[in-house]
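A.B. asks: Next up is a structure, given as structure tokens.
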Amino acid sequence: MRTIRLFSKILILAVISLTLPIPANAIESINGLKHNQFSFIKIEINNDNNAENKKIAGAENFVGSMAQRAIGFLSDETLTREQQIKKFQKLLNNTFDMKTIARFSLGRYWRTSTKQEQQEYLALFKDMIINIYSERFGEYSGQNLEVRSARTEGKSDTIVTTYIVPKKGVEIQVDWRVRYKDGRYKVIDVIVEGISMAVTQRSDFASVIQRGGGDVNVLIVHLQQ
Amino acid sequence: MLNKETTTGKIMKKKFSNLALIFSASFVLISCANTHNNKIMAGGLEIHDPLENLNRGIFAFNEVVDDALINPIIEGYRTVVPEPGRRGVKNFLRNIKSPITFANQLLQGDIDGAGKVFVRAVVNTLVGLGGIFDVAGYEGMKYESEDFGQTLGVWGVGHGPYLVVPFLGPSSLRDYTGYVVDSFADPLRWYLHNIDREELYYVKLGADYLDLRTSLIDVLQDLESSSIDYYATVRSTYYQNRDALMQDRLSAIEASVPAFPEYDDNF
């Protein structure tokens, strides 16, 4: 008797859950998934041998060779720590589009600042980025960077998806937003596990400026410290 | 015996009605919150922080607690338990959360994802010694974090206000609601409740917290040292991280990245 009652309860629950209105978004997401699979195939076929594919491959190579160069001197034991950092800074300067990152990070306050403020900010921003990244990558301990996929984003950007693969432990997904400009590839954003360095920087700066009464100089003073 | 069961049933029913109350109340709050207009737009992120001053105060308090209490505990944990052991703990905690993950995948309409959770749970429980080893993950079936906060997000519910809670840290009203719903809907809690060992569930929640904070400690230290306004930086990364988690069911092609305008070079 009790088992029958239990079963009938489960049955009723199942019927109720089936008749529950499924939210529109959920249906959309199912459709989106299907659609997505097809569009993926389409892209694969359509882009064969066209310029877009070349650009993607170019961006992949760019990120791959940048990583190889960095790993090359970071694991070179004949170099001193200072030499490694020097080389790393040079690499950053050559491969990151500092001007674009700086401008994005300042957001709407770029337009409200004077030419002089912009120049001052730009120089300080560059130093800050180089310091932060030198510190981050200075802790190098034999990880490898594997380029796994890439896709176009907007008119001139490519997102190159890579994974930092440590000797032991968990992989970390790092997406590089690479912009093709004047015949050269440059990194304009680094997205670590879904967190964009540029967006984070921008939120930080925006808050500092807002709390300082909307004055860019408040940020500049902070960057000087 | 029968009598005890009915009382348990009554308690459960009461719990559910409480839950429903919390739930509907939060929804009302969320929808109210969304009508306010003091939103901060930061690089495509919509951040709503009407309680910023209070939140900053609690954030500062949490930093003190972190320095005095949480971080020393984490350091101790990291010293006593080496990385493979900590991975085992993480895997085990993820495995016993499978019913909740499974339910949320279904509620999000992600049938494939739900199937994956099911296979992962079976494989890891049987082959991975009760979930200590993530065998399925090793075979390419990676863990995906799901919770009711994400489910609400998929259903189109906004974050509502950003909240920093003493000891627990930053989240949003939506995500804290999701957290409460998940913990009350967890079959493990029902089970422990029925055998009168509900306190073990709080041990589990504590372990979850320790595990989460341990995996965040390096990231947070990096954020603190590389930012000017640490509060704003954490807030931004919180929203970005939640966005990224919600997009895990999309392929790399569909996942959105923030808009990044093209600038004239003569600026």
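Ligands are numbered from 1 in the order shown, residues from 1 within each chain, and chains are lettered A, B, ... in the order they appear in the structure tokens.
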Taking only C-alpha atoms into account, report as a PDB file with all heavy atoms, in the first residue's frame which residues of chain B lie within 7 Å of chain A.
C.D. replies:
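Writing done, so here's selection.pdb:
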ATOM      1  N   ALA B  42      29.699  50.101 -15.991  1.00  0.00           N
ATOM      2  CA  ALA B  42      31.152  49.989 -16.016  1.00  0.00           C
ATOM      3  C   ALA B  42      31.558  48.969 -17.067  1.00  0.00           C
ATOM      4  O   ALA B  42      31.433  47.772 -16.845  1.00  0.00           O
ATOM      5  CB  ALA B  42      31.674  49.582 -14.647  1.00  0.00           C
ATOM      6  N   GLY B  43      31.967  49.456 -18.208  1.00  0.00           N
ATOM      7  CA  GLY B  43      32.444  48.565 -19.261  1.00  0.00           C
ATOM      8  C   GLY B  43      31.428  47.507 -19.644  1.00  0.00           C
ATOM      9  O   GLY B  43      31.737  46.343 -19.730  1.00  0.00           O
ATOM     10  N   GLN B 108      17.357  25.499 -15.918  1.00  0.00           N
ATOM     11  CA  GLN B 108      17.876  26.440 -16.922  1.00  0.00           C
ATOM     12  C   GLN B 108      17.615  25.946 -18.335  1.00  0.00           C
ATOM     13  O   GLN B 108      17.998  26.581 -19.307  1.00  0.00           O
ATOM     14  CB  GLN B 108      19.385  26.640 -16.727  1.00  0.00           C
ATOM     15  CG  GLN B 108      19.728  27.424 -15.482  1.00  0.00           C
ATOM     16  CD  GLN B 108      21.207  27.388 -15.154  1.00  0.00           C
ATOM     17  OE1 GLN B 108      22.041  27.232 -16.037  1.00  0.00           O
ATOM     18  NE2 GLN B 108      21.539  27.515 -13.886  1.00  0.00           N
ATOM     19  N   GLY B 109      16.998  24.778 -18.443  1.00  0.00           N
ATOM     20  CA  GLY B 109      16.708  24.228 -19.765  1.00  0.00           C
ATOM     21  C   GLY B 109      17.921  23.619 -20.426  1.00  0.00           C
ATOM     22  O   GLY B 109      17.929  23.401 -21.638  1.00  0.00           O
ATOM     23  N   ASP B 110      18.956  23.360 -19.651  1.00  0.00           N
ATOM     24  CA  ASP B 110      20.183  22.802 -20.220  1.00  0.00           C
ATOM     25  C   ASP B 110      20.187  21.281 -20.008  1.00  0.00           C
ATOM     26  O   ASP B 110      20.740  20.770 -19.039  1.00  0.00           O
ATOM     27  CB  ASP B 110      21.389  23.453 -19.537  1.00  0.00           C
ATOM     28  CG  ASP B 110      22.703  23.107 -20.226  1.00  0.00           C
ATOM     29  OD1 ASP B 110      22.692  22.201 -21.084  1.00  0.00           O
ATOM     30  OD2 ASP B 110      23.723  23.737 -19.915  1.00  0.00           O
ATOM     31  N   VAL B 154      19.298  33.219 -15.760  1.00  0.00           N
ATOM     32  CA  VAL B 154      18.907  32.671 -17.059  1.00  0.00           C
ATOM     33  C   VAL B 154      17.429  32.974 -17.319  1.00  0.00           C
ATOM     34  O   VAL B 154      17.029  33.230 -18.450  1.00  0.00           O
ATOM     35  CB  VAL B 154      19.180  31.151 -17.110  1.00  0.00           C
ATOM     36  CG1 VAL B 154      18.573  30.515 -18.344  1.00  0.00           C
ATOM     37  CG2 VAL B 154      20.673  30.888 -17.063  1.00  0.00           C
ATOM     38  N   TRP B 155      16.633  32.989 -16.260  1.00  0.00           N
ATOM     39  CA  TRP B 155      15.219  33.307 -16.419  1.00  0.00           C
ATOM     40  C   TRP B 155      14.970  34.791 -16.638  1.00  0.00           C
ATOM     41  O   TRP B 155      13.842  35.221 -16.784  1.00  0.00           O
ATOM     42  CB  TRP B 155      14.433  32.864 -15.170  1.00  0.00           C
ATOM     43  CG  TRP B 155      14.339  31.396 -15.021  1.00  0.00           C
ATOM     44  CD1 TRP B 155      14.767  30.442 -15.902  1.00  0.00           C
ATOM     45  CD2 TRP B 155      13.774  30.680 -13.919  1.00  0.00           C
ATOM     46  NE1 TRP B 155      14.518  29.197 -15.423  1.00  0.00           N
ATOM     47  CE2 TRP B 155      13.894  29.303 -14.189  1.00  0.00           C
ATOM     48  CE3 TRP B 155      13.173  31.068 -12.725  1.00  0.00           C
ATOM     49  CZ2 TRP B 155      13.461  28.319 -13.329  1.00  0.00           C
ATOM     50  CZ3 TRP B 155      12.727  30.082 -11.859  1.00  0.00           C
ATOM     51  CH2 TRP B 155      12.864  28.724 -12.162  1.00  0.00           C
ATOM     52  N   GLY B 156      16.014  35.571 -16.587  1.00  0.00           N
ATOM     53  CA  GLY B 156      15.868  36.994 -16.859  1.00  0.00           C
ATOM     54  C   GLY B 156      15.747  37.872 -15.622  1.00  0.00           C
ATOM     55  O   GLY B 156      15.466  39.056 -15.730  1.00  0.00           O
ATOM     56  N   SER B 226      46.894  45.274  -7.048  1.00  0.00           N
ATOM     57  CA  SER B 226      46.940  45.915  -8.366  1.00  0.00           C
ATOM     58  C   SER B 226      45.838  46.947  -8.552  1.00  0.00           C
ATOM     59  O   SER B 226      45.686  47.502  -9.629  1.00  0.00           O
ATOM     60  CB  SER B 226      46.864  44.859  -9.470  1.00  0.00           C
ATOM     61  OG  SER B 226      45.634  44.197  -9.425  1.00  0.00           O
ATOM     62  N   SER B 227      45.049  47.199  -7.510  1.00  0.00           N
ATOM     63  CA  SER B 227      43.959  48.152  -7.699  1.00  0.00           C
ATOM     64  C   SER B 227      44.120  49.357  -6.788  1.00  0.00           C
ATOM     65  O   SER B 227      44.855  49.324  -5.808  1.00  0.00           O
ATOM     66  CB  SER B 227      42.625  47.475  -7.404  1.00  0.00           C
ATOM     67  OG  SER B 227      42.568  47.074  -6.054  1.00  0.00           O
ATOM     68  N   ILE B 228      43.412  50.406  -7.136  1.00  0.00           N
ATOM     69  CA  ILE B 228      43.401  51.588  -6.285  1.00  0.00           C
ATOM     70  C   ILE B 228      42.202  51.484  -5.341  1.00  0.00           C
ATOM     71  O   ILE B 228      42.335  51.587  -4.142  1.00  0.00           O
ATOM     72  CB  ILE B 228      43.295  52.881  -7.132  1.00  0.00           C
ATOM     73  CG1 ILE B 228      44.468  52.945  -8.120  1.00  0.00           C
ATOM     74  CG2 ILE B 228      43.281  54.105  -6.226  1.00  0.00           C
ATOM     75  CD1 ILE B 228      44.324  54.020  -9.158  1.00  0.00           C
ATOM     76  N   ASP B 229      41.018  51.264  -5.931  1.00  0.00           N
ATOM     77  CA  ASP B 229      39.809  51.113  -5.136  1.00  0.00           C
ATOM     78  C   ASP B 229      39.463  49.625  -5.112  1.00  0.00           C
ATOM     79  O   ASP B 229      38.792  49.112  -6.007  1.00  0.00           O
ATOM     80  CB  ASP B 229      38.680  51.944  -5.767  1.00  0.00           C
ATOM     81  CG  ASP B 229      37.440  51.971  -4.890  1.00  0.00           C
ATOM     82  OD1 ASP B 229      37.307  51.087  -4.011  1.00  0.00           O
ATOM     83  OD2 ASP B 229      36.605  52.869  -5.086  1.00  0.00           O
ATOM     84  N   ALA B 232      35.686  48.604  -5.362  1.00  0.00           N
ATOM     85  CA  ALA B 232      35.098  48.702  -6.698  1.00  0.00           C
ATOM     86  C   ALA B 232      35.625  47.594  -7.597  1.00  0.00           C
ATOM     87  O   ALA B 232      34.908  47.076  -8.458  1.00  0.00           O
ATOM     88  CB  ALA B 232      35.404  50.064  -7.315  1.00  0.00           C
ATOM     89  N   THR B 233      36.892  47.216  -7.389  1.00  0.00           N
ATOM     90  CA  THR B 233      37.498  46.176  -8.213  1.00  0.00           C
ATOM     91  C   THR B 233      36.867  44.820  -7.921  1.00  0.00           C
ATOM     92  O   THR B 233      36.518  44.070  -8.842  1.00  0.00           O
ATOM     93  CB  THR B 233      39.014  46.132  -7.950  1.00  0.00           C
ATOM     94  OG1 THR B 233      39.540  47.437  -8.215  1.00  0.00           O
ATOM     95  CG2 THR B 233      39.710  45.134  -8.831  1.00  0.00           C
ATOM     96  N   SER B 236      33.364  44.752  -9.398  1.00  0.00           N
ATOM     97  CA  SER B 236      33.378  44.528 -10.841  1.00  0.00           C
ATOM     98  C   SER B 236      33.668  43.070 -11.182  1.00  0.00           C
ATOM     99  O   SER B 236      32.993  42.463 -12.026  1.00  0.00           O
ATOM    100  CB  SER B 236      34.417  45.443 -11.481  1.00  0.00           C
ATOM    101  OG  SER B 236      34.626  45.099 -12.818  1.00  0.00           O
ATOM    102  N   THR B 237      34.662  42.493 -10.521  1.00  0.00           N
ATOM    103  CA  THR B 237      35.014  41.103 -10.843  1.00  0.00           C
ATOM    104  C   THR B 237      33.902  40.157 -10.405  1.00  0.00           C
ATOM    105  O   THR B 237      33.680  39.138 -11.036  1.00  0.00           O
ATOM    106  CB  THR B 237      36.330  40.670 -10.183  1.00  0.00           C
ATOM    107  OG1 THR B 237      36.294  40.988  -8.805  1.00  0.00           O
ATOM    108  CG2 THR B 237      37.512  41.351 -10.817  1.00  0.00           C
ATOM    109  N   GLN B 240      31.436  40.230 -13.255  1.00  0.00           N
ATOM    110  CA  GLN B 240      32.022  39.588 -14.448  1.00  0.00           C
ATOM    111  C   GLN B 240      32.063  38.077 -14.286  1.00  0.00           C
ATOM    112  O   GLN B 240      31.755  37.329 -15.212  1.00  0.00           O
ATOM    113  CB  GLN B 240      33.437  40.105 -14.688  1.00  0.00           C
ATOM    114  CG  GLN B 240      33.497  41.542 -15.145  1.00  0.00           C
ATOM    115  CD  GLN B 240      34.926  41.941 -15.460  1.00  0.00           C
ATOM    116  OE1 GLN B 240      35.580  41.363 -16.307  1.00  0.00           O
ATOM    117  NE2 GLN B 240      35.421  42.935 -14.753  1.00  0.00           N
ATOM    118  N   ASN B 241      32.457  37.637 -13.097  1.00  0.00           N
ATOM    119  CA  ASN B 241      32.545  36.204 -12.835  1.00  0.00           C
ATOM    120  C   ASN B 241      31.168  35.545 -12.941  1.00  0.00           C
ATOM    121  O   ASN B 241      31.023  34.482 -13.544  1.00  0.00           O
ATOM    122  CB  ASN B 241      33.150  35.989 -11.446  1.00  0.00           C
ATOM    123  CG  ASN B 241      33.216  34.523 -11.077  1.00  0.00           C
ATOM    124  OD1 ASN B 241      32.535  34.072 -10.181  1.00  0.00           O
ATOM    125  ND2 ASN B 241      34.023  33.759 -11.801  1.00  0.00           N
ATOM    126  N   ALA B 244      30.212  35.222 -16.498  1.00  0.00           N
ATOM    127  CA  ALA B 244      30.964  34.151 -17.156  1.00  0.00           C
ATOM    128  C   ALA B 244      30.373  32.791 -16.787  1.00  0.00           C
ATOM    129  O   ALA B 244      30.225  31.914 -17.639  1.00  0.00           O
ATOM    130  CB  ALA B 244      32.435  34.217 -16.761  1.00  0.00           C
ATOM    131  N   ILE B 253      32.054  30.550 -29.228  1.00  0.00           N
ATOM    132  CA  ILE B 253      31.680  31.480 -30.290  1.00  0.00           C
ATOM    133  C   ILE B 253      30.620  32.463 -29.825  1.00  0.00           C
ATOM    134  O   ILE B 253      30.630  33.634 -30.173  1.00  0.00           O
ATOM    135  CB  ILE B 253      31.189  30.701 -31.532  1.00  0.00           C
ATOM    136  CG1 ILE B 253      32.389  30.033 -32.200  1.00  0.00           C
ATOM    137  CG2 ILE B 253      30.486  31.609 -32.512  1.00  0.00           C
ATOM    138  CD1 ILE B 253      32.046  29.182 -33.359  1.00  0.00           C
ATOM    139  N   TYR B 263      39.356  53.202 -31.361  1.00  0.00           N
ATOM    140  CA  TYR B 263      39.667  54.610 -31.147  1.00  0.00           C
ATOM    141  C   TYR B 263      40.513  55.139 -32.291  1.00  0.00           C
ATOM    142  O   TYR B 263      41.306  54.429 -32.887  1.00  0.00           O
ATOM    143  CB  TYR B 263      40.424  54.809 -29.834  1.00  0.00           C
ATOM    144  CG  TYR B 263      39.679  54.316 -28.624  1.00  0.00           C
ATOM    145  CD1 TYR B 263      40.145  53.216 -27.921  1.00  0.00           C
ATOM    146  CD2 TYR B 263      38.530  54.958 -28.209  1.00  0.00           C
ATOM    147  CE1 TYR B 263      39.470  52.768 -26.804  1.00  0.00           C
ATOM    148  CE2 TYR B 263      37.848  54.515 -27.090  1.00  0.00           C
ATOM    149  CZ  TYR B 263      38.319  53.425 -26.387  1.00  0.00           C
ATOM    150  OH  TYR B 263      37.649  52.975 -25.293  1.00  0.00           O
TER     151      TYR B 263
END
A.B. asks: I need the residues in segment 76-236 of chain B that are alpha helix (DSSP H) according to DSSP; give them as a PyMOL selection string.
C.D. replies: chain B and resi 76-80+83-96+98-107+111-126+135-138+148-154+173-185+187-194+199-226+230-236
A.B. asks: Which value, in Å to one decimal, gives the distance between atom CA of Thr101 of chain B and atom CA of Ala114 of chain B?
C.D. replies: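 Distance reported for this atom pair: 7.8 Å.
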A.B. asks: How far is it from atom CA of Lys90 of chain B to atom CA of Gly130 of chain B, in Å with one decimal?
C.D. replies: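 That distance, rounded to one decimal, is 12.3 Å.
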A.B. asks: Quick one: residues within 8 Å of segment 66-77 of chain B, only C-alpha atoms counted, chain neighbours fewer than 4 positions away excluded, as a ChimeraX atom specification?
C.D. replies: /B:62,81,210,213-214,217
A.B. asks: For the structure I just gave you, how does DSSP split segment 103-224 of chain B - specifically, which residues are strand (DSSP E)? Reply as a VMD selection string.
C.D. replies: chain B and resid 162 to 165 169 to 172
A.B. asks: Quick one: write out the picked residues with N, CA and C atoms as a JSON list (two decimals), in the first residue's frame?
C.D. replies:
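Result file follows (selection_15.json):
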[["chain", "number", "residue", "atom", "x", "y", "z"],
["B", 162, "TYR", "N", 23.58, 45.13, -5.17],
["B", 162, "TYR", "CA", 24.81, 44.47, -4.74],
["B", 162, "TYR", "C", 24.83, 44.48, -3.22],
["B", 163, "LEU", "N", 25.18, 43.36, -2.63],
["B", 163, "LEU", "CA", 25.17, 43.26, -1.17],
["B", 163, "LEU", "C", 26.48, 42.70, -0.66],
["B", 164, "VAL", "N", 27.05, 43.37, 0.33],
["B", 164, "VAL", "CA", 28.19, 42.78, 1.03],
["B", 164, "VAL", "C", 27.68, 42.36, 2.40],
["B", 165, "VAL", "N", 27.78, 41.08, 2.69],
["B", 165, "VAL", "CA", 27.24, 40.54, 3.93],
["B", 165, "VAL", "C", 28.40, 40.28, 4.90],
["B", 169, "GLY", "N", 30.71, 37.99, 2.65],
["B", 169, "GLY", "CA", 31.30, 38.70, 1.54],
["B", 169, "GLY", "C", 30.33, 39.17, 0.50],
["B", 170, "PRO", "N", 30.85, 39.59, -0.67],
["B", 170, "PRO", "CA", 30.03, 40.25, -1.66],
["B", 170, "PRO", "C", 29.18, 39.29, -2.48],
["B", 171, "SER", "N", 28.01, 39.74, -2.83],
["B", 171, "SER", "CA", 27.13, 39.01, -3.73],
["B", 171, "SER", "C", 26.02, 39.98, -4.12],
["B", 172, "SER", "N", 24.97, 39.47, -4.74],
["B", 172, "SER", "CA", 23.84, 40.35, -5.03],
["B", 172, "SER", "C", 22.62, 39.74, -4.39]]
A.B. asks: So how many Å separate atom CA of Phe148 of chain B and atom CA of Ser183 of chain B, to one decimal?
C.D. replies: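 Computing it gives 9.7 Å between the two atoms.
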